[in-house]
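Asker: Can you read through this structure? Questions will come right after.
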Amino acid sequence: MASGAKQTLVEVVQEPLKLERYVDFVQDDGAGAIATFSGVTRDNFDGKRVVRLDYEAYAPMAEKKMLELCQAAHERWALKAAAIAHRVGEVCIGEASVVIAVSSAHRREALEACAWAIDELKATVPIWKKEVYEGGKVWKENADARQAMLAASQK
Amino acid sequence: MASGAKQTLVEVVQEPLKLERYVDFVQDDGAGAIATFSGVTRDNFDGKRVVRLDYEAYAPMAEKKMLELCQAAHERWALKAAAIAHRVGEVCIGEASVVIAVSSAHRREALEACAWAIDELKATVPIWKKEVYEGGKVWKENADARQAMLAASQK
Amino acid sequence: MKVNVLFFARSREIAGVSETVLELKAGATSQDLLESLLREYPLLKEITGSCVLALNQEYLAQDEAKALRDGDEVAVIPPISGG
Amino acid sequence: MKVNVLFFARSREIAGVSETVLELKAGATSQDLLESLLREYPLLKEITGSCVLALNQEYLAQDEAKALRDGDEVAVIPPISGG
């Protein structure tokens, strides 16, 4: 677990993710809105029957990128708190691989930041999933991955 | 509780809302994404110290409108399931007055439908909140309430 | 005919009751009911400009004169503030 | 100098190890390291076009020749797919 500013929690974990933990973290007496997003293993992809997903992370860099992502969200929106957790290892059908929770005084900020955060995570955080389907396994690639452009854009 | 299509749950309840109940309801093996929104009593409004909110509903009509809202969301997005719950009575600081949970195969649909649903609920569902602050009470009006236009637009 | 009338939020506080039954003559419309309501609860006048009626759980337009039937349920709906 | 190299996902499977230590001469850059890696793990060639390197947990641009220092950590990053 890496916790930068008081209002930010990011972690890469082995155990099943509990949404409640992250909602509790972003609770704040000044928050009127809490938005969450859970990415869940679904049972099919392109007509193939999916058995499970296997996740692997470059954990310290993933937590660093998730922390930067939360900080960028705090700068962009008036948020009370933000939490991002990603699971690694086997994630079965119906289980969450990623959970994001965001709180803010007004609803628009939490909703927008939550939707933005999952897009950013998929584009920038060094985590990989292998799809285990009936009859094979394959490493996936996020359509919107843009780690290759990141270094260039930081200059 | 009113449950129309299998994939829809709406209810107006007295008890504290548990996010888990609605997330469990929208779980679906074909769902890759679950988005939630919780509207929470916050401790201040326009610089006034808020003690709690008192909610009152025209419960059967509220559930009917929430059900119509879920059905409209199902028509507009490819959703797996949607749940909306609103609490009535006293809702203290940090407690949720409304919870929305939506699941879909892909993330965009659940996120958009969830954000849309809370806007629609605030604009169309016959529920009222009275703000109890230090030194007084006042009935609130949603800035975007449009029940007055609804009948006309239905013709 | 008899029509059940429900009051909520500020309209309930002003009327002093949460529901009542109005006796209307056959053929009465939602506008007739509103006039009848204002005779019985004159203080409601201060908020009728911001209220709408719902007939059997469907909103009516503000100036709509919808025919009523015995047993109908009409609700006085002040500006909503759910969420 | 010594540089720690980490492999993930497909690059890990192709290299057959999850990490290694490369001995590089002073003044070597991330491009020198990449060449050195491809000599040691020639099969990595099939994916280097889609991979980037991260130096001490920061992405490098694909053609970037960044000076390395003893003890640096370099990771081979195939296309990511978290979420």
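Here's how to read the names in the structure tokens: chain A, B, ... by the order shown, residue numbers from 1 in each chain, ligand numbers from 1 in the order shown.
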Set the cut-off to 7 Å and count only C-alpha atoms: what are the residues of chain A that reach chain B? Output as an MDAnalysis selection string.
Answerer: chainID A and resid 27:44 93:94 111 115
Asker: Onto chain C, please fit chain D by least squares using all C-alpha atoms in order, then return the transformed chain as a PDB file with C-alpha atoms, in the first residue's frame.
Answerer:
ATOM      1  CA  MET D   1     -67.364  11.322  -7.022  1.00  0.00           C
ATOM      2  CA  LYS D   2     -64.565  11.052  -4.513  1.00  0.00           C
ATOM      3  CA  VAL D   3     -60.919  11.791  -5.211  1.00  0.00           C
ATOM      4  CA  ASN D   4     -58.065  11.061  -2.799  1.00  0.00           C
ATOM      5  CA  VAL D   5     -55.633  13.932  -2.467  1.00  0.00           C
ATOM      6  CA  LEU D   6     -52.099  13.510  -1.098  1.00  0.00           C
ATOM      7  CA  PHE D   7     -49.863  16.301   0.182  1.00  0.00           C
ATOM      8  CA  PHE D   8     -46.087  16.133   0.440  1.00  0.00           C
ATOM      9  CA  ALA D   9     -43.272  18.214   1.909  1.00  0.00           C
ATOM     10  CA  ARG D  10     -44.187  21.898   2.033  1.00  0.00           C
ATOM     11  CA  SER D  11     -47.727  21.344   0.735  1.00  0.00           C
ATOM     12  CA  ARG D  12     -48.281  18.815   3.523  1.00  0.00           C
ATOM     13  CA  GLU D  13     -47.052  21.260   6.141  1.00  0.00           C
ATOM     14  CA  ILE D  14     -49.232  24.071   4.797  1.00  0.00           C
ATOM     15  CA  ALA D  15     -52.344  21.904   4.437  1.00  0.00           C
ATOM     16  CA  GLY D  16     -51.695  20.473   7.878  1.00  0.00           C
ATOM     17  CA  VAL D  17     -52.660  16.983   6.708  1.00  0.00           C
ATOM     18  CA  SER D  18     -50.957  14.394   4.552  1.00  0.00           C
ATOM     19  CA  GLU D  19     -54.140  13.392   2.754  1.00  0.00           C
ATOM     20  CA  THR D  20     -57.799  14.207   2.331  1.00  0.00           C
ATOM     21  CA  VAL D  21     -60.787  13.146   0.253  1.00  0.00           C
ATOM     22  CA  LEU D  22     -62.505  15.686  -1.981  1.00  0.00           C
ATOM     23  CA  GLU D  23     -66.089  15.295  -3.113  1.00  0.00           C
ATOM     24  CA  LEU D  24     -66.337  16.566  -6.708  1.00  0.00           C
ATOM     25  CA  LYS D  25     -69.214  16.621  -9.142  1.00  0.00           C
ATOM     26  CA  ALA D  26     -69.189  14.285 -12.097  1.00  0.00           C
ATOM     27  CA  GLY D  27     -67.104  15.588 -15.003  1.00  0.00           C
ATOM     28  CA  ALA D  28     -64.776  17.583 -12.769  1.00  0.00           C
ATOM     29  CA  THR D  29     -61.234  18.075 -14.050  1.00  0.00           C
ATOM     30  CA  SER D  30     -57.876  18.441 -12.321  1.00  0.00           C
ATOM     31  CA  GLN D  31     -58.331  22.224 -12.609  1.00  0.00           C
ATOM     32  CA  ASP D  32     -61.676  22.005 -10.775  1.00  0.00           C
ATOM     33  CA  LEU D  33     -59.957  19.934  -8.116  1.00  0.00           C
ATOM     34  CA  LEU D  34     -57.246  22.550  -7.730  1.00  0.00           C
ATOM     35  CA  GLU D  35     -59.853  25.297  -7.224  1.00  0.00           C
ATOM     36  CA  SER D  36     -61.656  23.151  -4.712  1.00  0.00           C
ATOM     37  CA  LEU D  37     -58.383  22.508  -2.882  1.00  0.00           C
ATOM     38  CA  LEU D  38     -57.579  26.209  -2.698  1.00  0.00           C
ATOM     39  CA  ARG D  39     -61.015  26.945  -1.217  1.00  0.00           C
ATOM     40  CA  GLU D  40     -60.428  24.339   1.472  1.00  0.00           C
ATOM     41  CA  TYR D  41     -56.722  25.168   2.054  1.00  0.00           C
ATOM     42  CA  PRO D  42     -56.354  28.834   1.015  1.00  0.00           C
ATOM     43  CA  LEU D  43     -52.785  28.999   2.319  1.00  0.00           C
ATOM     44  CA  LEU D  44     -51.742  26.616  -0.462  1.00  0.00           C
ATOM     45  CA  LYS D  45     -52.042  29.599  -2.828  1.00  0.00           C
ATOM     46  CA  GLU D  46     -48.578  30.760  -1.872  1.00  0.00           C
ATOM     47  CA  ILE D  47     -46.992  27.633  -3.373  1.00  0.00           C
ATOM     48  CA  THR D  48     -49.306  26.510  -6.178  1.00  0.00           C
ATOM     49  CA  GLY D  49     -47.226  28.445  -8.684  1.00  0.00           C
ATOM     50  CA  SER D  50     -44.305  26.124  -7.996  1.00  0.00           C
ATOM     51  CA  CYS D  51     -46.310  22.912  -7.576  1.00  0.00           C
ATOM     52  CA  VAL D  52     -47.625  20.418 -10.071  1.00  0.00           C
ATOM     53  CA  LEU D  53     -50.270  17.745  -9.642  1.00  0.00           C
ATOM     54  CA  ALA D  54     -49.811  14.048 -10.240  1.00  0.00           C
ATOM     55  CA  LEU D  55     -52.852  12.011 -11.250  1.00  0.00           C
ATOM     56  CA  ASN D  56     -52.597   8.309 -10.445  1.00  0.00           C
ATOM     57  CA  GLN D  57     -48.810   8.655 -10.219  1.00  0.00           C
ATOM     58  CA  GLU D  58     -48.303  10.533 -13.470  1.00  0.00           C
ATOM     59  CA  TYR D  59     -47.359  14.199 -13.587  1.00  0.00           C
ATOM     60  CA  LEU D  60     -49.870  16.628 -15.091  1.00  0.00           C
ATOM     61  CA  ALA D  61     -48.796  19.725 -16.951  1.00  0.00           C
ATOM     62  CA  GLN D  62     -49.322  22.829 -14.866  1.00  0.00           C
ATOM     63  CA  ASP D  63     -52.397  24.101 -16.716  1.00  0.00           C
ATOM     64  CA  GLU D  64     -53.729  20.709 -17.737  1.00  0.00           C
ATOM     65  CA  ALA D  65     -57.465  20.116 -17.193  1.00  0.00           C
ATOM     66  CA  LYS D  66     -57.644  16.329 -17.099  1.00  0.00           C
ATOM     67  CA  ALA D  67     -60.976  14.622 -16.514  1.00  0.00           C
ATOM     68  CA  LEU D  68     -61.118  12.868 -13.137  1.00  0.00           C
ATOM     69  CA  ARG D  69     -62.848   9.657 -12.180  1.00  0.00           C
ATOM     70  CA  ASP D  70     -64.166   8.345  -8.921  1.00  0.00           C
ATOM     71  CA  GLY D  71     -61.340   6.832  -6.838  1.00  0.00           C
ATOM     72  CA  ASP D  72     -58.564   8.748  -8.591  1.00  0.00           C
ATOM     73  CA  GLU D  73     -55.471   9.634  -6.570  1.00  0.00           C
ATOM     74  CA  VAL D  74     -54.148  13.166  -6.993  1.00  0.00           C
ATOM     75  CA  ALA D  75     -50.932  14.331  -5.343  1.00  0.00           C
ATOM     76  CA  VAL D  76     -49.736  17.891  -4.816  1.00  0.00           C
ATOM     77  CA  ILE D  77     -46.061  17.897  -5.796  1.00  0.00           C
ATOM     78  CA  PRO D  78     -43.867  20.790  -4.605  1.00  0.00           C
ATOM     79  CA  PRO D  79     -40.473  21.241  -6.293  1.00  0.00           C
ATOM     80  CA  ILE D  80     -38.695  17.923  -5.843  1.00  0.00           C
ATOM     81  CA  SER D  81     -35.331  17.583  -4.127  1.00  0.00           C
ATOM     82  CA  GLY D  82     -34.428  13.913  -4.016  1.00  0.00           C
ATOM     83  CA  GLY D  83     -30.947  12.554  -4.461  1.00  0.00           C
TER      84      GLY D  83
END
Asker: Would you pick out the contacts of Glu131 (chain A) at 9 Å or less, using only C-alpha atoms, so that residues sharing its chain but fewer than 2 positions from it are not included, and give the list as number ranges by chain?
Answerer: A: 50-55, 129, 133, 136-140
Asker: Run DSSP on the backbone and tell me which residues of chain B come out as strand (DSSP E); list them as a ChimeraX atom specification.
Answerer: /B:8-13,33-40,44-45,48-57,79-87,89-92,96-104,127-133,136-139
Asker: Name the residues of chain D that fall into alpha helix (DSSP H) according to DSSP on the backbone, using the chain letters and numbers of this document, as number ranges by chain.
Answerer: D: 9-15, 30-40, 45-48
Asker: Sort by chain and increasing residue number a table of all residues of chain B within 9 Å of chain C, each with its closest pair of atoms and their distance in Å to one decimal, counting only C-alpha atoms, and write it as JSON lines.
Answerer:
{"residue": "B:Ser38", "atom": "CA", "partner": "C:Gly83", "partner_atom": "CA", "distance": 8.9}
{"residue": "B:Gly39", "atom": "CA", "partner": "C:Gly83", "partner_atom": "CA", "distance": 6.2}
{"residue": "B:Val40", "atom": "CA", "partner": "C:Gly83", "partner_atom": "CA", "distance": 8.6}
{"residue": "B:Tyr55", "atom": "CA", "partner": "C:Gly82", "partner_atom": "CA", "distance": 7.6}
{"residue": "B:Glu56", "atom": "CA", "partner": "C:Ala9", "partner_atom": "CA", "distance": 6.8}
{"residue": "B:Ala57", "atom": "CA", "partner": "C:Phe8", "partner_atom": "CA", "distance": 7.7}
{"residue": "B:Tyr58", "atom": "CA", "partner": "C:Phe8", "partner_atom": "CA", "distance": 7.2}
{"residue": "B:Pro60", "atom": "CA", "partner": "C:Gln57", "partner_atom": "CA", "distance": 7.7}
{"residue": "B:Met61", "atom": "CA", "partner": "C:Gln57", "partner_atom": "CA", "distance": 5.1}
{"residue": "B:Ala62", "atom": "CA", "partner": "C:Gln57", "partner_atom": "CA", "distance": 8.5}
{"residue": "B:Lys64", "atom": "CA", "partner": "C:Gln57", "partner_atom": "CA", "distance": 7.9}
{"residue": "B:Lys65", "atom": "CA", "partner": "C:Gln57", "partner_atom": "CA", "distance": 8.7}
{"residue": "B:His86", "atom": "CA", "partner": "C:Gly83", "partner_atom": "CA", "distance": 7.5}
{"residue": "B:Ser97", "atom": "CA", "partner": "C:Gly83", "partner_atom": "CA", "distance": 6.5}
{"residue": "B:Val98", "atom": "CA", "partner": "C:Gly83", "partner_atom": "CA", "distance": 5.7}
{"residue": "B:Val99", "atom": "CA", "partner": "C:Gly83", "partner_atom": "CA", "distance": 8.7}
{"residue": "B:Ile118", "atom": "CA", "partner": "C:Gly83", "partner_atom": "CA", "distance": 7.1}
{"residue": "B:Asp119", "atom": "CA", "partner": "C:Gly83", "partner_atom": "CA", "distance": 8.7}
{"residue": "B:Leu121", "atom": "CA", "partner": "C:Gly83", "partner_atom": "CA", "distance": 6.8}
{"residue": "B:Lys122", "atom": "CA", "partner": "C:Gly82", "partner_atom": "CA", "distance": 5.4}
{"residue": "B:Ala123", "atom": "CA", "partner": "C:Ile80", "partner_atom": "CA", "distance": 7.5}
{"residue": "B:Thr124", "atom": "CA", "partner": "C:Ile80", "partner_atom": "CA", "distance": 7.6}
{"residue": "B:Val125", "atom": "CA", "partner": "C:Gly82", "partner_atom": "CA", "distance": 6.9}
{"residue": "B:Pro126", "atom": "CA", "partner": "C:Ile80", "partner_atom": "CA", "distance": 5.7}
{"residue": "B:Ile127", "atom": "CA", "partner": "C:Gly82", "partner_atom": "CA", "distance": 4.6}
{"residue": "B:Trp128", "atom": "CA", "partner": "C:Ser81", "partner_atom": "CA", "distance": 4.5}
{"residue": "B:Lys129", "atom": "CA", "partner": "C:Ser81", "partner_atom": "CA", "distance": 5.6}
{"residue": "B:Lys130", "atom": "CA", "partner": "C:Ala9", "partner_atom": "CA", "distance": 8.2}
{"residue": "B:Trp139", "atom": "CA", "partner": "C:Arg10", "partner_atom": "CA", "distance": 7.1}
{"residue": "B:Lys140", "atom": "CA", "partner": "C:Ser81", "partner_atom": "CA", "distance": 5.7}
{"residue": "B:Glu141", "atom": "CA", "partner": "C:Ser81", "partner_atom": "CA", "distance": 4.8}
{"residue": "B:Asn142", "atom": "CA", "partner": "C:Ser81", "partner_atom": "CA", "distance": 4.7}
{"residue": "B:Ala143", "atom": "CA", "partner": "C:Ser81", "partner_atom": "CA", "distance": 8.4}
{"residue": "B:Ala145", "atom": "CA", "partner": "C:Ile80", "partner_atom": "CA", "distance": 6.1}
{"residue": "B:Arg146", "atom": "CA", "partner": "C:Pro79", "partner_atom": "CA", "distance": 8.3}
{"residue": "B:Gln147", "atom": "CA", "partner": "C:Tyr59", "partner_atom": "CA", "distance": 6.9}
{"residue": "B:Ala148", "atom": "CA", "partner": "C:Val52", "partner_atom": "CA", "distance": 6.0}
{"residue": "B:Met149", "atom": "CA", "partner": "C:Ala61", "partner_atom": "CA", "distance": 6.7}
{"residue": "B:Leu150", "atom": "CA", "partner": "C:Tyr59", "partner_atom": "CA", "distance": 6.7}
{"residue": "B:Ala151", "atom": "CA", "partner": "C:Ala61", "partner_atom": "CA", "distance": 4.8}
{"residue": "B:Ala152", "atom": "CA", "partner": "C:Ala61", "partner_atom": "CA", "distance": 5.3}
{"residue": "B:Ser153", "atom": "CA", "partner": "C:Ala61", "partner_atom": "CA", "distance": 8.8}
Asker: Expressed in Å to a single decimal, how great is the separation between CA of Glu63 (chain A) and CA of Val10 (chain A)?
Answerer: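 Rounded to one decimal, the two atoms are 6.1 Å apart.
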Asker: What does the structure give for the distance between CA of Gln14 (chain B) and CA of Leu67 (chain B), in Å to one decimal?
Answerer: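 CA of Leu67 (chain B) lies at a distance of 18.5 Å from CA of Gln14 (chain B).
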Asker: Could you tell me how far CA of Leu9 (chain A) lies from CA of Ala82 (chain B), in Å and to one decimal?
Answerer: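 Taking CA of Leu9 (chain A) as the start and CA of Ala82 (chain B) as the end point, the length is 28.0 Å.
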